[in-house]
Each structure stands twice: as structure tokens, then as C-alpha cells.
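Participant: The structure that follows is given in the form of C-alpha cells.
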Amino acid sequence: MNAAKRIALARRVASDLWDGAYVNLGIGMPTEVANFVPEGIEVVYHSENGLLGIGPAPDTAHVDPDLINAGKHYVSLVPGAAIFDHATSFMMIRGGHIDIAVLGAYEVAANGDLANWSTGDDTRAPAVGGAMDLAVGARNVWVMMEHCSKEGAPRLLEACTYPLTAAACVNRIYTELAVIRIDNGFVVEDLADGVSLVDVQAKTGARLRPAGA
Amino acid sequence: MIDKRVASTHAALDGVRDGWTIAVGGFGDSGVPFELLDELLLSGVRDLTIVCNNAGSGDDALARLLDAGRVRKIVCSFPRSAGSVVFERLYAAKQIELELVPQGTLSERLRAGGAGIPAFYTPAGASTLLAAGKESRRFGATLCVMEKALVPDLALVRAESADRWGNLTYHRAARNFGPVMAAASRLTVAQVDRILELGALDPEAIVTPGIFVDRVVAVVR
């Protein structure tokens, strides 16, 4: 996905955040959402290593090596921020206190199954981090992803081919082509400019229903 | 008189034995007790099981411990990251055993260990490959996996300030696994930037009470 499309996608996700939401942004593309929060609302960002109230990346003069996010990037704290240990951090996640987790994905199935931690490649060491806890614990799981693989294969499918992160956990999917709700299958809520439902269906491995149909 | 201060990292690791399970604090580079890990390497102990969120990066202290063949098994949520070349080489050569654990399950297994709870059920990992071989049970509509507490023989943690009773405060996100590892382990060693007079730490602000800590050593970084 090119930079302009990434920014448009981050802006689209950010436009659906609400005032007062506690939000966990996953590693990679989701972190860009923080740059586009609509003016006039307050969103509190959570990082699973033990921070609530993350602010923008600091300039080099204000870097603290002990102040990093889940992606190990330097961050700042906003007024009102809080610091806590890992067990407390995952209490917030698993206990349903985080309103929205925005995660990346390899594949999402029409029933909301999520695959985002392993491609099933046994030759490489696996890693999972907090993905499984976030997927089962956040009140809303939003996925932000490229609609198709680099080879053009659909990644929104009837059933995931990669190992699951969690079953039936995804509520919404944001891609460069469409915003899709999961409600007994894929329901298209919004299309990117110049994109038709037929275009998106051709690149999706399961049936799409238009919203309101 | 209670005095948990020790004079050196060498003295801090006195009595550590081959075959121990050792919890190592830190997330990325933040909160890693690098100097205690250096001392652990020097001590020559082997056949270790390391419990740590990450599996070392570049030639940092944990990577060197792995490279020296001292670690039999690692219990970890995110062993593969930019720079985890030593771990990945050992893993590919089947020279290290990996127990992959979701991050929240890792912290909760340690929390449970410190709290005297032998096992618990969590929805994280249910119906995934990481539930293989574990008891699964449904509570209402939620499928859960039984996970067992971790009670390491030793915790190595990094904090910011301590007093001679072992009370600890941390710096920013370096707190991460420190509190749960300190509480869970049979022997807890904290390296700190400074040791203050008893009473200098605000009781309201102490994060790890000294009851969970056995030895503190000041390390100039």
C-alpha cells in the first residue's frame, strides 16, 4: 500500500474513534491512526507494556530509553498518563476495559476469525506477543489491513488458512478498498472513492453484503 | 536489622545453580537487568530455563547467554524481533526449546505464581495452536485454556530506586514485568540506579514492596 493510501486508511479509522475511548493500537500500520484523531475528542492510548496516555513520538532531545510502546518505539506521555506493570496492563486488556484494539492481520474470516501471528512457517521461530490477549479481551477488535496479499490473493476469506489468533473476535475491517462490518458475514459499510462493490467482491474470498440490504 | 543490600553483582548472584528457572525482567531494552545478566554469564551456570518477554537482540547480555549455550529452554511471548539472530539460529538448529506464551498469559502466570494460585483459565489462546496439550473448558459462552502458574527459582529485575528493606520504584515503562517476577520467584535480585535511606521512598509510591525482594545491588550505568 502506498503512503497516500496508508494515510487515507489511518484517517478513515481515526474518524470512527469516539470521545473517551481507551484504544490499543497494534504494531505497524495501526500506530499511524494516532496522527489523525479528529479535533475536539479525547482518546486515551494504551500500550501493553504498561502505559495509558501515550503522546506523540518525542524529538531526539526528549527521548527516554525506558519510555517505549509495544513496537519498541520511543513515545511521550500526555498529562493524565499512567504507568503500571504488565499484569495490570493485561487486566485492562483481558478484563474488557479497552474499548478498541486496532490490529493488523494476515487473514480475517467471514465469521470474524483472526489470523495475525503466524503464517504456519515451521522453519522460523514463532512470536505472538499480546495479540491473542487483545483479540479476546478488547471490547471491539478492528482490523486494519491490505485487502489482498502482495501476490493479489484475497485475505478476507470464508475460513482462515493460517493459524488462528482467536476465533470470531473481529468486529470491523478497514482496508484501502472498503470498511467492512462482521455481522453473520461481511457487510460493506463504506467504499473508498472510485471503488465499487463489484470491484471489492472480486478481491474478496467470501460473499459481501451491502449495508442496509 | 534487615539489610538486603549487597556490594556487587557477583554477591547478588551467590548461590545460583545449574538447572534453575530464571525470570528476567524487561520489554525490548526497557527494564532489562543487563549487568545482572552479564554476571550470570560470568557465573558459568548452565542448563537454565529463562522466562522473559523477548529472547535477546544483537549481542546484548541475554543473546550472549544464549550464544554461550547456557540456556536449555526459553519461556517467551515474542522471541523473534529485529536483531534476535542468536535465538533464531539456535531455534533453527533445534538447540533451544521454546515455550511460546501469549504476553498476557505470561504476566498472569507470573502473577498467579506470586499470589499462590496454581492455575487459572484464560480465553487468550483458546482454539489456537497454543492451546494444544492444555485443558480447555467453556465458561458460559467463553472457551478458555488452563494455564499454570510460574514460580521461577530466581528473578532478575531492574528498578530505579531501592532502600535496604528491598522496596522498589521503577522508571517509566521499565516497570513492565518487574513487579510480577519479583513476587513470583523464590529468590529476587534487583539491580537499581540508587539505594536510598530507609524512609526516603514515599510509602504511597513504592511499587514493589520489599517483602518480594531478597537482594538489591546498586549498578552505575
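As shown in the C-alpha cells, the chain order sets the letters A, B, ...; within each chain, residues go from 1, and ligands are also counted from 1 in the order they appear.
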Excluding same-chain residues fewer than 2 positions from Arg137 (chain B), what lies within 12 Å of it counting only C-alpha atoms, as a PyMOL selection string?
Facilitator: chain B and resi 120-123+126-127+131+134-135+139-147
Participant: Could you write out, as a count of residues only, all the residues of region 107-213 of chain B that DSSP marks as strand (DSSP E)?
Facilitator: 35
Participant: Quick one: distance from CA of Thr161 (chain A) to CA of Asp122 (chain A) in Å, one decimal?
Facilitator: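 Those two atoms sit 14.7 Å apart.
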Participant: Which distance in Å separates CA of Val157 (chain B) and CA of Thr9 (chain B), to one decimal?
Facilitator: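 Calculated distance between CA of Val157 (chain B) and CA of Thr9 (chain B) is 12.2 Å.
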Participant: I need the chain A residues near chain B as a PyMOL selection string; criterion: at most 9 Å, counting only C-alpha atoms.
Facilitator: chain A and resi 48-51+64-72+83-91+93-94+123-137+163-167
Participant: Those same residues, written as a tab-separated table (two decimals), in the first residue's frame with N, CA and C atoms?
Facilitator:
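Heads up, here's the output in out.tsv:
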```tsv
chain	number	residue	atom	x	y	z
A	48	GLU	N	0.59	-2.19	25.69
A	48	GLU	CA	0.54	-3.35	26.59
A	48	GLU	C	1.75	-3.48	27.50
A	49	ASN	N	2.84	-2.76	27.19
A	49	ASN	CA	3.97	-2.83	28.12
A	49	ASN	C	3.73	-1.99	29.37
A	50	GLY	N	2.61	-1.30	29.47
A	50	GLY	CA	2.25	-0.68	30.74
A	50	GLY	C	2.05	0.81	30.75
A	51	LEU	N	1.44	1.33	29.70
A	51	LEU	CA	1.21	2.78	29.61
A	51	LEU	C	-0.21	3.07	29.17
A	64	ASP	N	13.45	9.15	26.18
A	64	ASP	CA	13.78	8.40	27.39
A	64	ASP	C	13.79	6.93	26.98
A	65	PRO	N	14.94	6.25	27.06
A	65	PRO	CA	15.01	4.86	26.58
A	65	PRO	C	14.04	3.91	27.29
A	66	ASP	N	13.57	4.31	28.45
A	66	ASP	CA	12.61	3.47	29.18
A	66	ASP	C	11.17	3.83	28.86
A	67	LEU	N	10.95	4.71	27.91
A	67	LEU	CA	9.59	5.11	27.56
A	67	LEU	C	9.33	4.70	26.11
A	68	ILE	N	8.87	3.46	25.95
A	68	ILE	CA	8.66	2.90	24.62
A	68	ILE	C	7.25	2.31	24.53
A	69	ASN	N	6.79	2.10	23.29
A	69	ASN	CA	5.49	1.46	23.10
A	69	ASN	C	5.69	-0.02	22.77
A	70	ALA	N	4.61	-0.70	22.44
A	70	ALA	CA	4.68	-2.14	22.19
A	70	ALA	C	5.58	-2.47	21.01
A	71	GLY	N	5.70	-1.52	20.07
A	71	GLY	CA	6.57	-1.73	18.92
A	71	GLY	C	8.01	-1.36	19.21
A	72	LYS	N	8.31	-1.03	20.49
A	72	LYS	CA	9.65	-0.67	20.96
A	72	LYS	C	10.11	0.69	20.41
A	83	ILE	N	1.27	4.81	34.51
A	83	ILE	CA	2.23	3.73	34.25
A	83	ILE	C	1.90	2.57	35.19
A	84	PHE	N	1.98	1.35	34.68
A	84	PHE	CA	1.60	0.18	35.50
A	84	PHE	C	2.36	-1.03	35.01
A	85	ASP	N	2.30	-2.10	35.80
A	85	ASP	CA	3.05	-3.30	35.44
A	85	ASP	C	2.26	-4.12	34.40
A	86	HIS	N	2.93	-5.17	33.92
A	86	HIS	CA	2.36	-5.98	32.85
A	86	HIS	C	1.06	-6.69	33.24
A	87	ALA	N	1.00	-7.21	34.46
A	87	ALA	CA	-0.21	-7.93	34.86
A	87	ALA	C	-1.40	-6.97	34.87
A	88	THR	N	-1.19	-5.75	35.36
A	88	THR	CA	-2.25	-4.75	35.38
A	88	THR	C	-2.63	-4.36	33.95
A	89	SER	N	-1.63	-4.25	33.10
A	89	SER	CA	-1.88	-3.88	31.72
A	89	SER	C	-2.78	-4.90	31.02
A	90	PHE	N	-2.50	-6.19	31.28
A	90	PHE	CA	-3.32	-7.23	30.64
A	90	PHE	C	-4.64	-7.46	31.37
A	91	MET	N	-4.76	-7.01	32.63
A	91	MET	CA	-6.09	-6.93	33.26
A	91	MET	C	-6.97	-5.99	32.45
A	93	ILE	N	-6.69	-5.30	29.34
A	93	ILE	CA	-6.98	-5.89	28.03
A	93	ILE	C	-7.99	-7.04	28.17
A	94	ARG	N	-7.65	-8.04	28.98
A	94	ARG	CA	-8.48	-9.24	29.07
A	94	ARG	C	-9.78	-8.97	29.80
A	123	THR	N	9.80	-23.28	9.81
A	123	THR	CA	11.25	-23.11	9.80
A	123	THR	C	11.69	-21.88	10.59
A	124	ARG	N	10.75	-20.97	10.82
A	124	ARG	CA	11.09	-19.76	11.57
A	124	ARG	C	10.46	-19.82	12.96
A	125	ALA	N	11.16	-19.24	13.93
A	125	ALA	CA	10.63	-19.20	15.30
A	125	ALA	C	9.34	-18.38	15.32
A	126	PRO	N	8.32	-18.87	16.01
A	126	PRO	CA	7.09	-18.09	16.09
A	126	PRO	C	7.20	-16.99	17.15
A	127	ALA	N	6.32	-16.02	17.08
A	127	ALA	CA	6.22	-14.98	18.11
A	127	ALA	C	4.76	-14.57	18.18
A	128	VAL	N	4.24	-14.30	19.35
A	128	VAL	CA	2.81	-13.97	19.45
A	128	VAL	C	2.57	-12.66	20.18
A	129	GLY	N	3.41	-12.31	21.15
A	129	GLY	CA	3.21	-11.07	21.89
A	129	GLY	C	1.84	-11.03	22.52
A	130	GLY	N	1.20	-9.85	22.48
A	130	GLY	CA	-0.09	-9.67	23.13
A	130	GLY	C	-1.28	-9.88	22.21
A	131	ALA	N	-1.04	-10.38	21.00
A	131	ALA	CA	-2.12	-10.45	20.00
A	131	ALA	C	-3.31	-11.27	20.47
A	132	MET	N	-3.04	-12.43	21.07
A	132	MET	CA	-4.16	-13.30	21.48
A	132	MET	C	-4.97	-12.70	22.62
A	133	ASP	N	-4.27	-12.03	23.54
A	133	ASP	CA	-4.97	-11.39	24.67
A	133	ASP	C	-5.84	-10.23	24.17
A	134	LEU	N	-5.27	-9.42	23.25
A	134	LEU	CA	-6.03	-8.29	22.71
A	134	LEU	C	-7.24	-8.78	21.92
A	135	ALA	N	-7.05	-9.83	21.14
A	135	ALA	CA	-8.13	-10.31	20.28
A	135	ALA	C	-9.32	-10.81	21.09
A	136	VAL	N	-9.05	-11.46	22.22
A	136	VAL	CA	-10.18	-11.97	23.02
A	136	VAL	C	-10.69	-10.94	24.03
A	137	GLY	N	-9.85	-9.93	24.36
A	137	GLY	CA	-10.18	-9.08	25.50
A	137	GLY	C	-10.77	-7.72	25.18
A	163	PRO	N	-2.80	-20.19	10.96
A	163	PRO	CA	-3.23	-20.48	12.34
A	163	PRO	C	-3.96	-19.29	12.97
A	164	LEU	N	-5.04	-19.60	13.70
A	164	LEU	CA	-5.85	-18.53	14.29
A	164	LEU	C	-5.15	-17.84	15.46
A	165	THR	N	-5.43	-16.54	15.58
A	165	THR	CA	-5.07	-15.78	16.77
A	165	THR	C	-6.19	-15.91	17.79
A	166	ALA	N	-7.42	-15.80	17.30
A	166	ALA	CA	-8.61	-16.01	18.14
A	166	ALA	C	-9.79	-16.25	17.20
A	167	ALA	N	-10.80	-16.95	17.71
A	167	ALA	CA	-11.97	-17.25	16.92
A	167	ALA	C	-13.01	-16.14	17.05
```
Participant: Among chain A, which residues does DSSP mark as alpha helix (DSSP H) when it is run on the backbone? Keep the chain and numbering as in the structure and answer as a PyMOL selection string.
Facilitator: chain A and resi 3-14+86-94+131-137+197-202
Participant: Put those residues in a file: C-alpha atoms, as a PDB file, in the first residue's frame.
Facilitator:
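Saved result, part-v4.pdb, follows:
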```pdb
ATOM      1  CA  ALA A   3       1.904   6.207   1.585  1.00  0.00           C
ATOM      2  CA  ALA A   4      -1.113   8.197   0.416  1.00  0.00           C
ATOM      3  CA  LYS A   5      -3.398   5.162   0.771  1.00  0.00           C
ATOM      4  CA  ARG A   6      -1.966   4.352   4.207  1.00  0.00           C
ATOM      5  CA  ILE A   7      -2.668   7.883   5.386  1.00  0.00           C
ATOM      6  CA  ALA A   8      -6.189   7.798   3.963  1.00  0.00           C
ATOM      7  CA  LEU A   9      -6.804   4.491   5.714  1.00  0.00           C
ATOM      8  CA  ALA A  10      -5.422   5.733   9.052  1.00  0.00           C
ATOM      9  CA  ARG A  11      -7.610   8.825   8.726  1.00  0.00           C
ATOM     10  CA  ARG A  12     -10.655   6.656   8.000  1.00  0.00           C
ATOM     11  CA  VAL A  13     -10.080   4.500  11.099  1.00  0.00           C
ATOM     12  CA  ALA A  14      -9.445   7.561  13.271  1.00  0.00           C
ATOM     13  CA  HIS A  86       2.364  -5.981  32.847  1.00  0.00           C
ATOM     14  CA  ALA A  87      -0.215  -7.926  34.862  1.00  0.00           C
ATOM     15  CA  THR A  88      -2.251  -4.745  35.377  1.00  0.00           C
ATOM     16  CA  SER A  89      -1.884  -3.875  31.718  1.00  0.00           C
ATOM     17  CA  PHE A  90      -3.320  -7.226  30.644  1.00  0.00           C
ATOM     18  CA  MET A  91      -6.088  -6.928  33.263  1.00  0.00           C
ATOM     19  CA  MET A  92      -7.153  -3.893  31.251  1.00  0.00           C
ATOM     20  CA  ILE A  93      -6.982  -5.894  28.027  1.00  0.00           C
ATOM     21  CA  ARG A  94      -8.482  -9.237  29.068  1.00  0.00           C
ATOM     22  CA  ALA A 131      -2.116 -10.451  20.001  1.00  0.00           C
ATOM     23  CA  MET A 132      -4.164 -13.305  21.475  1.00  0.00           C
ATOM     24  CA  ASP A 133      -4.967 -11.385  24.668  1.00  0.00           C
ATOM     25  CA  LEU A 134      -6.032  -8.292  22.708  1.00  0.00           C
ATOM     26  CA  ALA A 135      -8.127 -10.306  20.275  1.00  0.00           C
ATOM     27  CA  VAL A 136     -10.178 -11.967  23.024  1.00  0.00           C
ATOM     28  CA  GLY A 137     -10.181  -9.081  25.504  1.00  0.00           C
ATOM     29  CA  LEU A 197     -18.876  -3.228  -4.561  1.00  0.00           C
ATOM     30  CA  VAL A 198     -18.205  -5.402  -7.615  1.00  0.00           C
ATOM     31  CA  ASP A 199     -14.512  -4.408  -7.510  1.00  0.00           C
ATOM     32  CA  VAL A 200     -14.223  -5.353  -3.829  1.00  0.00           C
ATOM     33  CA  GLN A 201     -16.151  -8.606  -4.277  1.00  0.00           C
ATOM     34  CA  ALA A 202     -13.679  -9.635  -6.998  1.00  0.00           C
TER      35      ALA A 202
END
```
Participant: Just checking: using only C-alpha atoms, which residue out of B:Gly210, B:Arg17, B:Lys148, B:Arg215 ends up closest to Leu187 (chain B)?
Facilitator: B:Arg215
Participant: Please determine, counting only C-alpha atoms, which residue among B:Val192, B:Ile96, B:Ala218, B:Ala61 has the shortest atom-to-atom distance to Arg158 (chain B).
Facilitator: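 With only C-alpha atoms as the atom set, the closest residue is B:Val192.
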Participant: Got a sec: who's within 8 Å of region 40-44 of chain A, counting only C-alpha atoms, leaving out chain neighbours fewer than 4 positions off, as a PyMOL selection string?
Facilitator: chain A and resi 17-23+52-54
Participant: Neighbours of Arg139 (chain A) within 7 Å (only C-alpha atoms; same-chain residues fewer than 2 positions away dropped), as a ChimeraX atom specification?
Facilitator: /A:96,98-100,137,141
Participant: For Phe186 (chain A), list every protein, DNA or RNA residue within 6 Å, evaluated using only C-alpha atoms, and leave out those in the same chain fewer than 3 positions away; present the list as a ChimeraX atom specification.
Facilitator: /A:110,181-182,208
Participant: CA of Val51 (chain B) and CA of Ile74 (chain B), how far apart in Å?
Facilitator: 5.9 Å
Participant: For Gly199 (chain B), which residue out of B:Ala162, B:Val151, B:Ala55, B:Leu36 is the nearest one, using only C-alpha atoms?
Facilitator: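 Between B:Ala162, B:Val151, B:Ala55, B:Leu36, the residue approaching Gly199 (chain B) most closely is B:Ala162.
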